[in-house]
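K.L.:
One structure, as structure tokens, below. Some questions next.
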Amino acid sequence: FGGDPQNVTIFGESAGSVAVACLLAMPAAKGLFTKAIMQSGVGDPGTFADASPCGVAAIGELGIDPADCDGVENADLPALIEAATLVAPALGGFGPVIDDKTLPMSPVEANASGYSADVPLLLGTNRDEMRLFNVYKTRPEMTEQSIRDAVRRMLNADDAAARDVIEAFRQSRSGYGLPTGSDHIHDGIQSVLRMRLPTARFAAHHASHQPATW
């Protein structure tokens with residue numbers, strides 16, 4: 001686009017942020033960009049074994065034997081995308097996969113090892129990330145017991161620890177004038193667990209190798 005190829009910044013949000021994390025760990029992407037921005041996502045790519053059922057199911061929707069390499073390679077792409085869309089919800093969806101060439105290790109492991117230490121990095125999350133996914137018309141109202149049960153499962157903790165975390169979030173949100181209903185507390189805790197903490201850890205590891213980390 002007429003810019004400076006030695007001054008390229010890549011930026012992704014949500015799944016795009018996961019893509020940036022993967023690019024930071026990919027040998028083939030080394031040197032193609034000089035700075036990176038990750039917003040709302042770190043990701044945890046699966047293994048080939050994890051991903052195979054989705055691929056096999058999608059190919060099967062087209063009536064192609066997964067062992068037929070030529071058939072798979074020559075499959076109609078729009079039809080394959082449609083088939084993948086059909087099977088993904090029941091099988092956990094599609095995403096990056098660790099292999100021995102394209103993505104040799106998870107972005108988290110690569111980052112901790114300093115693989116992308118030459119790339120300045122800006123990271124961020126939003127306070128109530130998970131509310132986007134949890135608010136729907138038929139969502140049942142959360143009671144004190146149901147939120148304790150949910151938080152206990154999220155933290156793999158006992159009831160007392162769940163109560164302590166809920167109370168800490170309730171006090172914190174109250175201090176900032178934010179809603180403190182059970183559903184807001186639940187979504188806030190989930191946002192921290194799924195988004196903020198993984199991002200903070202990723203940032204801390206990167207900062208240990210690259211001072212230009214924000």
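Chain lettering (A, B, ...) mirrors the order of the structure tokens, residue numbering begins at 1 for each chain separately, and ligand numbering begins at 1 in order of display.
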Any chance you could list, as a PyMOL selection string, the residues in stretch 9-152 of chain A that come up alpha helix (DSSP H) when DSSP is run on the backbone?
P.N.:
chain A and resi 15-25+48-61+69-73+77-91+107-113+131-134+144-152
K.L.:
Which residues of stretch 172-209 of chain A sit at most 10 Å from stretch 110-119 of chain A, using only C-alpha atoms? Give each one's shortest atom pair and distance in Å (one decimal place), in chain and ascending residue order, as a tab-separated table.
P.N.:
```
residue	atom	partner	partner_atom	distance
A:Arg201	CA	A:Ala112	CA	9.2
A:Phe202	CA	A:Asn111	CA	7.1
A:Ala203	CA	A:Asn111	CA	9.0
A:Ala204	CA	A:Ala112	CA	8.8
A:His205	CA	A:Ala112	CA	5.1
A:His206	CA	A:Asn111	CA	6.0
A:Ala207	CA	A:Ala117	CA	8.4
A:Ser208	CA	A:Gly114	CA	8.2
A:His209	CA	A:Ala117	CA	5.3
```
K.L.:
Find the residue from A:Gly31, A:Gly16, A:Gly60, A:Gly188 that sits nearest to A:Asn134; use only C-alpha atoms when measuring.
P.N.:
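Smallest separation from A:Asn134 among the options: A:Gly188.
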K.L.:
Would you mind listing what lies within 12 Å of stretch 73-90 of chain A as an MDAnalysis selection string, with only C-alpha atoms counted and same-chain residues fewer than 4 positions away left out?
P.N.:
chainID A and resid 51:69 94:95
K.L.:
What lies within 9 Å of stretch 151-163 of chain A using only C-alpha atoms, ignoring chain neighbours under 6 positions off, as a ChimeraX atom specification?
P.N.:
/A:186,189-190,193
K.L.:
Go ahead and write the selection's residues with N, CA and C atoms as a CSV table (one decimal), in the first residue's frame.
P.N.:
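Output below, filename again39.csv:
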```csv
chain,number,residue,atom,x,y,z
A,186,HIS,N,-21.1,-12.5,37.8
A,186,HIS,CA,-20.7,-13.7,37.0
A,186,HIS,C,-19.9,-13.4,35.8
A,189,ILE,N,-16.4,-11.9,36.5
A,189,ILE,CA,-15.4,-12.9,37.0
A,189,ILE,C,-15.0,-13.8,35.7
A,190,GLN,N,-15.9,-14.1,34.9
A,190,GLN,CA,-15.6,-14.9,33.7
A,190,GLN,C,-14.7,-14.1,32.8
A,193,LEU,N,-11.2,-14.3,34.2
A,193,LEU,CA,-10.6,-15.6,34.0
A,193,LEU,C,-10.2,-15.9,32.6
```
K.L.:
Compile the contact shell of A:Gly12 as number ranges by chain: residues with an atom at most 9 Å away, counting only C-alpha atoms, same-chain residues fewer than 6 positions apart removed.
P.N.:
A: 18-20, 36-41
K.L.:
Write the residues you've just listed into a file as a PDB file, in the first residue's frame, and include C-alpha atoms for each of them.
P.N.:
```
ATOM      1  CA  VAL A  18      -5.488 -15.036  18.722  1.00  0.00           C
ATOM      2  CA  ALA A  19      -4.280 -14.871  15.116  1.00  0.00           C
ATOM      3  CA  VAL A  20      -1.710 -12.221  16.092  1.00  0.00           C
ATOM      4  CA  ALA A  36       1.918  -6.096  17.142  1.00  0.00           C
ATOM      5  CA  ILE A  37      -1.331  -5.293  18.956  1.00  0.00           C
ATOM      6  CA  MET A  38      -3.502  -7.933  20.645  1.00  0.00           C
ATOM      7  CA  GLN A  39      -6.969  -6.967  21.876  1.00  0.00           C
ATOM      8  CA  SER A  40      -9.226  -9.432  23.698  1.00  0.00           C
ATOM      9  CA  GLY A  41      -7.702 -12.825  23.184  1.00  0.00           C
TER      10      GLY A  41
END
```
